[in-house]
Amino acid sequence: MTSFLISHPSFLTHDTGDYHPERPDRLRAVLAALDDAAIAHLVSVIAPAATLEQLTRVHPQEYVEAILGVRPPAGELVQIDADTIMSTDSAEAARHAAGAVVAGVDAVMRETAQTVFAAVRPPGHHALPSVPGGFCLFNSVAVGALHAQAAYGLKRVAIVDFDVHHGQGTQAIVEPDPRLFYASSHQSPLYPGTGSARERGVAGNVVNVPLAAGSGSAEFRTAWGDRILPALDLFAPELLIVSAGFDAHRRDPLAQLNVETEDFVWLTEELMAIAGQHAEGRIVSSLEGGYDLEALAESAVAHVRALVRQS
């Protein structure tokens, strides 16, 4: 079946300034590599903007309006916090990034695609309901998950996160709702300083596996194979959403894990097997981190190839 690649031009005009690690070249590298790979059955789709109704399922209306209201003149930047920057096109990009995940959910639920990769920026998993941060403005994967509940009546929606940084924003949204599941492997200690294995949610619906600096393929696969994947399988998701950050790669400059590209392929195949068993193969993956351009592009292509091959 067809797989969708969902993106939008505003993702490239979201300007974070010179030398910022979360820069447009990241997405250019991913899109160019995917184009060069010419992956069969991968169809490009333009992301819609998330509606206010969709955004306010996750974020308070006053927060949404505040973010959408930050539109500095062209060429000027607004610093939201120490790491998070907005330009004139950033609000539009954040709205379309959330809309990309919503469109992905619609595509797999309506059976127009089996799997989806949302090639977006800014990333989203650090965005709390009322607080931006960590380069993130709206929590795109959470917006998609709550859309799946509201629009399709799903009772079990899972979000899994293999970004090197813990998605504290996603966890905060998921942990009070037993119909949602969140699992993360991440380097610890590292920004944002959350993600202890003791954080379990209201019904064991949160699974965190912190990894020490220097951990590589063996530790990464053990974290997922022994802890996260069995818990995900037990949850039996009707839909699987992935926060696909590739900054656990050994070449990434912002962290100190030693994961290889092949590990992302292995994990994607394992996730697809669980989605095939419980969710009719429905999986929506959204780009989060990854800051070495070559490693990011290589890993994203490998991840998407596995999504398409397994669908």
# chains A, B, ... in the order shown; residues from 1 in each chain; ligands from 1

$ closest_atom_pairs --of "segment 217-261 of chain A" --to "segment 277-292 of chain A" --cutoff "12 Å" --atoms "only C-alpha atoms" --output "JSON lines"
{"residue": "A:Leu232", "atom": "CA", "partner": "A:His278", "partner_atom": "CA", "distance": 10.1}
{"residue": "A:Asp233", "atom": "CA", "partner": "A:His278", "partner_atom": "CA", "distance": 8.0}
{"residue": "A:Leu234", "atom": "CA", "partner": "A:His278", "partner_atom": "CA", "distance": 9.9}
{"residue": "A:Phe235", "atom": "CA", "partner": "A:His278", "partner_atom": "CA", "distance": 9.3}
{"residue": "A:Ala236", "atom": "CA", "partner": "A:His278", "partner_atom": "CA", "distance": 5.5}
{"residue": "A:Pro237", "atom": "CA", "partner": "A:His278", "partner_atom": "CA", "distance": 5.9}
{"residue": "A:Glu238", "atom": "CA", "partner": "A:Ala279", "partner_atom": "CA", "distance": 4.2}
{"residue": "A:Leu239", "atom": "CA", "partner": "A:Ala279", "partner_atom": "CA", "distance": 5.3}
{"residue": "A:Leu240", "atom": "CA", "partner": "A:Ile283", "partner_atom": "CA", "distance": 4.8}
{"residue": "A:Ile241", "atom": "CA", "partner": "A:Val284", "partner_atom": "CA", "distance": 4.8}
{"residue": "A:Val242", "atom": "CA", "partner": "A:Ser285", "partner_atom": "CA", "distance": 4.4}
{"residue": "A:Ser243", "atom": "CA", "partner": "A:Ser286", "partner_atom": "CA", "distance": 5.4}
{"residue": "A:Ala244", "atom": "CA", "partner": "A:Leu287", "partner_atom": "CA", "distance": 4.9}
{"residue": "A:Gly245", "atom": "CA", "partner": "A:Gly289", "partner_atom": "CA", "distance": 4.2}
{"residue": "A:Phe246", "atom": "CA", "partner": "A:Gly290", "partner_atom": "CA", "distance": 4.5}
{"residue": "A:Asp247", "atom": "CA", "partner": "A:Gly290", "partner_atom": "CA", "distance": 4.0}
{"residue": "A:Ala248", "atom": "CA", "partner": "A:Gly290", "partner_atom": "CA", "distance": 7.7}
{"residue": "A:His249", "atom": "CA", "partner": "A:Gly290", "partner_atom": "CA", "distance": 7.9}
{"residue": "A:Arg250", "atom": "CA", "partner": "A:Asp292", "partner_atom": "CA", "distance": 9.6}
{"residue": "A:Arg251", "atom": "CA", "partner": "A:Asp292", "partner_atom": "CA", "distance": 6.5}
{"residue": "A:Asp252", "atom": "CA", "partner": "A:Asp292", "partner_atom": "CA", "distance": 5.0}
{"residue": "A:Pro253", "atom": "CA", "partner": "A:Asp292", "partner_atom": "CA", "distance": 6.5}
{"residue": "A:Leu254", "atom": "CA", "partner": "A:Tyr291", "partner_atom": "CA", "distance": 7.2}
{"residue": "A:Ala255", "atom": "CA", "partner": "A:Tyr291", "partner_atom": "CA", "distance": 9.7}
{"residue": "A:Thr261", "atom": "CA", "partner": "A:Gly290", "partner_atom": "CA", "distance": 12.0}

$ write_last_selection --atoms "C-alpha atoms" --output "PDB file, in the first residue's frame"
ATOM      1  CA  LEU A 232       3.805  -1.463  23.898  1.00  0.00           C
ATOM      2  CA  ASP A 233       2.638  -4.893  22.777  1.00  0.00           C
ATOM      3  CA  LEU A 234       0.710  -5.311  26.043  1.00  0.00           C
ATOM      4  CA  PHE A 235      -0.953  -1.915  25.533  1.00  0.00           C
ATOM      5  CA  ALA A 236      -2.107  -3.149  22.081  1.00  0.00           C
ATOM      6  CA  PRO A 237      -2.345   0.244  20.340  1.00  0.00           C
ATOM      7  CA  GLU A 238      -4.946   0.872  17.677  1.00  0.00           C
ATOM      8  CA  LEU A 239      -2.622   3.528  16.238  1.00  0.00           C
ATOM      9  CA  LEU A 240       1.116   4.045  16.681  1.00  0.00           C
ATOM     10  CA  ILE A 241       2.688   7.509  16.451  1.00  0.00           C
ATOM     11  CA  VAL A 242       6.471   7.858  16.454  1.00  0.00           C
ATOM     12  CA  SER A 243       8.611  10.784  17.583  1.00  0.00           C
ATOM     13  CA  ALA A 244      11.462  10.046  15.200  1.00  0.00           C
ATOM     14  CA  GLY A 245      14.521  11.883  16.428  1.00  0.00           C
ATOM     15  CA  PHE A 246      17.818  10.644  15.011  1.00  0.00           C
ATOM     16  CA  ASP A 247      20.152  12.452  17.434  1.00  0.00           C
ATOM     17  CA  ALA A 248      20.986   9.244  19.300  1.00  0.00           C
ATOM     18  CA  HIS A 249      23.197   8.498  16.280  1.00  0.00           C
ATOM     19  CA  ARG A 250      26.887   8.161  17.123  1.00  0.00           C
ATOM     20  CA  ARG A 251      27.774  11.097  14.848  1.00  0.00           C
ATOM     21  CA  ASP A 252      25.321  13.577  16.377  1.00  0.00           C
ATOM     22  CA  PRO A 253      27.056  16.601  17.961  1.00  0.00           C
ATOM     23  CA  LEU A 254      24.464  17.379  20.674  1.00  0.00           C
ATOM     24  CA  ALA A 255      24.598  14.110  22.620  1.00  0.00           C
ATOM     25  CA  THR A 261      21.678   3.753  11.420  1.00  0.00           C
TER      26      THR A 261
END

$ select_by_dssp --residues "segment 89-277 of chain A" --states "strand (DSSP E)" --output "list of chain:residue names"
A:Thr115, A:Val116, A:Phe117, A:Ala118, A:Val157, A:Ala158, A:Ile159, A:Val160, A:Asp161, A:Leu180, A:Phe181, A:Tyr182, A:Ala183, A:Ser184, A:Ser185, A:His186, A:Gln187, A:Val206, A:Val207, A:Asn208, A:Val209, A:Pro210, A:Leu211, A:Leu239, A:Leu240, A:Ile241, A:Val242, A:Ser243, A:Ala244

$ select_by_dssp --residues "segment 96-224 of chain A" --states "helix (DSSP H, G or I)" --output "compact mmCIF listing (two decimals) with N, CA and C atoms, in the first residue's frame"
# COMPACT_ATOMS: atom_id res chain seq x y z
N HIS A 96 1.60 24.07 10.69
CA HIS A 96 1.61 23.04 9.64
C HIS A 96 2.30 21.77 10.12
N ALA A 97 3.27 21.89 11.03
CA ALA A 97 3.90 20.68 11.57
C ALA A 97 2.87 19.84 12.33
N ALA A 98 2.07 20.49 13.15
CA ALA A 98 0.99 19.76 13.83
C ALA A 98 -0.02 19.25 12.81
N GLY A 99 -0.32 20.06 11.81
CA GLY A 99 -1.26 19.64 10.78
C GLY A 99 -0.75 18.45 9.98
N ALA A 100 0.57 18.33 9.83
CA ALA A 100 1.13 17.19 9.11
C ALA A 100 0.83 15.89 9.85
N VAL A 101 0.95 15.90 11.18
CA VAL A 101 0.66 14.68 11.94
C VAL A 101 -0.83 14.39 11.91
N VAL A 102 -1.66 15.41 12.03
CA VAL A 102 -3.11 15.21 11.90
C VAL A 102 -3.45 14.61 10.55
N ALA A 103 -2.87 15.15 9.49
CA ALA A 103 -3.13 14.61 8.15
C ALA A 103 -2.64 13.18 8.03
N GLY A 104 -1.53 12.87 8.68
CA GLY A 104 -1.05 11.50 8.69
C GLY A 104 -2.03 10.56 9.38
N VAL A 105 -2.56 11.00 10.51
CA VAL A 105 -3.56 10.19 11.21
C VAL A 105 -4.78 9.97 10.31
N ASP A 106 -5.24 11.03 9.66
CA ASP A 106 -6.39 10.88 8.76
C ASP A 106 -6.07 9.89 7.64
N ALA A 107 -4.87 9.97 7.10
CA ALA A 107 -4.51 9.10 5.97
C ALA A 107 -4.52 7.63 6.37
N VAL A 108 -3.95 7.30 7.52
CA VAL A 108 -3.91 5.88 7.89
C VAL A 108 -5.27 5.40 8.39
N MET A 109 -6.03 6.27 9.03
CA MET A 109 -7.34 5.85 9.50
C MET A 109 -8.33 5.68 8.35
N SER A 140 3.31 18.38 18.23
CA SER A 140 2.64 17.85 17.04
C SER A 140 2.14 16.42 17.23
N VAL A 141 2.95 15.55 17.84
CA VAL A 141 2.52 14.16 17.99
C VAL A 141 1.35 14.06 18.95
N ALA A 142 1.32 14.89 19.99
CA ALA A 142 0.19 14.88 20.91
C ALA A 142 -1.07 15.41 20.23
N VAL A 143 -0.91 16.44 19.40
CA VAL A 143 -2.07 16.94 18.64
C VAL A 143 -2.63 15.83 17.77
N GLY A 144 -1.75 15.06 17.12
CA GLY A 144 -2.21 13.95 16.30
C GLY A 144 -2.89 12.87 17.11
N ALA A 145 -2.36 12.55 18.29
CA ALA A 145 -2.95 11.51 19.12
C ALA A 145 -4.33 11.89 19.61
N LEU A 146 -4.48 13.13 20.06
CA LEU A 146 -5.80 13.55 20.56
C LEU A 146 -6.79 13.72 19.41
N HIS A 147 -6.30 14.04 18.22
CA HIS A 147 -7.17 14.05 17.04
C HIS A 147 -7.68 12.64 16.74
N ALA A 148 -6.81 11.66 16.89
CA ALA A 148 -7.24 10.28 16.65
C ALA A 148 -8.33 9.87 17.63
N GLN A 149 -8.23 10.30 18.87
CA GLN A 149 -9.27 10.01 19.85
C GLN A 149 -10.58 10.71 19.47
N ALA A 150 -10.49 12.01 19.15
CA ALA A 150 -11.70 12.79 18.91
C ALA A 150 -12.38 12.45 17.60
N ALA A 151 -11.61 12.25 16.55
CA ALA A 151 -12.19 12.06 15.22
C ALA A 151 -12.56 10.62 14.93
N TYR A 152 -11.86 9.67 15.56
CA TYR A 152 -12.06 8.26 15.20
C TYR A 152 -12.42 7.39 16.40
N GLN A 168 9.55 15.45 27.40
CA GLN A 168 8.79 15.74 28.62
C GLN A 168 7.44 16.37 28.33
N GLY A 169 7.34 17.09 27.21
CA GLY A 169 6.06 17.68 26.85
C GLY A 169 5.04 16.61 26.49
N THR A 170 5.46 15.66 25.67
CA THR A 170 4.55 14.57 25.31
C THR A 170 4.16 13.77 26.54
N GLN A 171 5.12 13.45 27.39
CA GLN A 171 4.78 12.67 28.59
C GLN A 171 3.77 13.40 29.46
N ALA A 172 3.93 14.71 29.62
CA ALA A 172 3.00 15.47 30.46
C ALA A 172 1.58 15.40 29.93
N ILE A 173 1.43 15.33 28.62
CA ILE A 173 0.10 15.28 28.01
C ILE A 173 -0.48 13.87 28.10
N VAL A 174 0.37 12.86 27.98
CA VAL A 174 -0.08 11.47 27.95
C VAL A 174 -0.37 10.92 29.34
N SER A 217 24.62 0.40 20.40
CA SER A 217 23.60 -0.47 19.82
C SER A 217 23.06 -1.49 20.80
N ALA A 218 23.93 -2.12 21.57
CA ALA A 218 23.47 -3.17 22.49
C ALA A 218 22.53 -2.62 23.53
N GLU A 219 22.90 -1.49 24.13
CA GLU A 219 22.05 -0.90 25.17
C GLU A 219 20.74 -0.38 24.59
N PHE A 220 20.82 0.23 23.41
CA PHE A 220 19.62 0.74 22.76
C PHE A 220 18.65 -0.40 22.43
N ARG A 221 19.15 -1.46 21.86
CA ARG A 221 18.26 -2.58 21.50
C ARG A 221 17.73 -3.30 22.73
N THR A 222 18.52 -3.36 23.78
CA THR A 222 18.03 -3.97 25.02
C THR A 222 16.93 -3.12 25.63
N ALA A 223 17.11 -1.80 25.63
CA ALA A 223 16.08 -0.91 26.18
C ALA A 223 14.74 -1.12 25.49
N TRP A 224 14.78 -1.22 24.19
CA TRP A 224 13.55 -1.40 23.44
C TRP A 224 13.07 -2.86 23.49

$ closest_residue --among "A:Ser90, A:Asn205, A:Thr84, A:Ser185" --to "Pro72 of chain A" --atoms "only C-alpha atoms"
A:Ser90

$ residues_around --residues "segment 30-43 of chain A" --least-positions-apart "3" --cutoff "7 Å" --atoms "only C-alpha atoms" --output "PyMOL selection string"
chain A and resi 2-5+26-27+296-297+300-301+305

$ atom_distance --atom1 "atom CA of Gly204 of chain A" --atom2 "atom CA of His186 of chain A"
18.4 Å

$ residues_around --residues "segment 7-19 of chain A" --least-positions-apart "5" --cutoff "10 Å" --atoms "only C-alpha atoms" --output "PyMOL selection string"
chain A and resi 24-28+31+44-49+74-79+83-97+99-101+117-122+135

$ write_last_selection --atoms "C-alpha atoms" --output "PDB file, in the first residue's frame"
ATOM      1  CA  PRO A  24      16.498  24.653   7.725  1.00  0.00           C
ATOM      2  CA  ASP A  25      19.445  22.695   6.328  1.00  0.00           C
ATOM      3  CA  ARG A  26      18.333  19.763   8.475  1.00  0.00           C
ATOM      4  CA  LEU A  27      15.118  19.370   6.539  1.00  0.00           C
ATOM      5  CA  ARG A  28      16.758  20.169   3.215  1.00  0.00           C
ATOM      6  CA  LEU A  31      14.142  15.867   1.711  1.00  0.00           C
ATOM      7  CA  SER A  44       4.533  13.425  -1.354  1.00  0.00           C
ATOM      8  CA  VAL A  45       1.695  15.379   0.268  1.00  0.00           C
ATOM      9  CA  ILE A  46       1.540  19.037   1.343  1.00  0.00           C
ATOM     10  CA  ALA A  47       0.705  19.404   5.035  1.00  0.00           C
ATOM     11  CA  PRO A  48      -2.413  21.348   5.967  1.00  0.00           C
ATOM     12  CA  ALA A  49      -2.461  23.760   8.867  1.00  0.00           C
ATOM     13  CA  ALA A  74      10.981  39.716   7.965  1.00  0.00           C
ATOM     14  CA  GLY A  75      14.601  39.376   8.929  1.00  0.00           C
ATOM     15  CA  GLU A  76      13.968  39.798  12.660  1.00  0.00           C
ATOM     16  CA  LEU A  77      13.945  37.030  15.266  1.00  0.00           C
ATOM     17  CA  VAL A  78      12.203  36.645  18.623  1.00  0.00           C
ATOM     18  CA  GLN A  79      13.848  34.583  21.338  1.00  0.00           C
ATOM     19  CA  ASP A  83      17.079  27.732  22.798  1.00  0.00           C
ATOM     20  CA  THR A  84      13.806  28.470  21.009  1.00  0.00           C
ATOM     21  CA  ILE A  85      13.660  31.099  18.275  1.00  0.00           C
ATOM     22  CA  MET A  86      10.783  32.395  16.139  1.00  0.00           C
ATOM     23  CA  SER A  87      10.863  34.310  12.870  1.00  0.00           C
ATOM     24  CA  THR A  88       8.076  35.700  10.726  1.00  0.00           C
ATOM     25  CA  ASP A  89       7.208  32.220   9.353  1.00  0.00           C
ATOM     26  CA  SER A  90       7.683  30.177  12.525  1.00  0.00           C
ATOM     27  CA  ALA A  91       4.072  30.271  13.709  1.00  0.00           C
ATOM     28  CA  GLU A  92       2.891  29.046  10.315  1.00  0.00           C
ATOM     29  CA  ALA A  93       5.515  26.308  10.316  1.00  0.00           C
ATOM     30  CA  ALA A  94       4.508  25.113  13.786  1.00  0.00           C
ATOM     31  CA  ARG A  95       0.853  25.051  12.788  1.00  0.00           C
ATOM     32  CA  HIS A  96       1.608  23.045   9.642  1.00  0.00           C
ATOM     33  CA  ALA A  97       3.895  20.682  11.570  1.00  0.00           C
ATOM     34  CA  GLY A  99      -1.255  19.636  10.777  1.00  0.00           C
ATOM     35  CA  ALA A 100       1.132  17.186   9.112  1.00  0.00           C
ATOM     36  CA  VAL A 101       0.659  14.684  11.941  1.00  0.00           C
ATOM     37  CA  PHE A 117       6.489  10.065   7.571  1.00  0.00           C
ATOM     38  CA  ALA A 118       5.965  13.727   8.448  1.00  0.00           C
ATOM     39  CA  ALA A 119       9.138  15.608   7.496  1.00  0.00           C
ATOM     40  CA  VAL A 120       8.567  18.653   9.684  1.00  0.00           C
ATOM     41  CA  ARG A 121      10.180  21.400  11.662  1.00  0.00           C
ATOM     42  CA  PRO A 122      10.037  22.815  14.240  1.00  0.00           C
ATOM     43  CA  PHE A 135      13.166  24.268  19.823  1.00  0.00           C
TER      44      PHE A 135
END

$ closest_residue --among "A:Ala197, A:Leu128, A:Leu267, A:Ile6" --to "Ala113 of chain A" --atoms "only C-alpha atoms"
A:Ile6

$ residues_around --residues "Gln61 of chain A" --least-positions-apart "4" --cutoff "8 Å" --atoms "only C-alpha atoms" --output "count of residues only"
3

$ atom_distance --atom1 "atom CA of Ile80 of chain A" --atom2 "atom CA of Gln256 of chain A"
26.5 Å

$ atom_distance --atom1 "atom CA of Val207 of chain A" --atom2 "atom CA of Pro192 of chain A"
16.6 Å
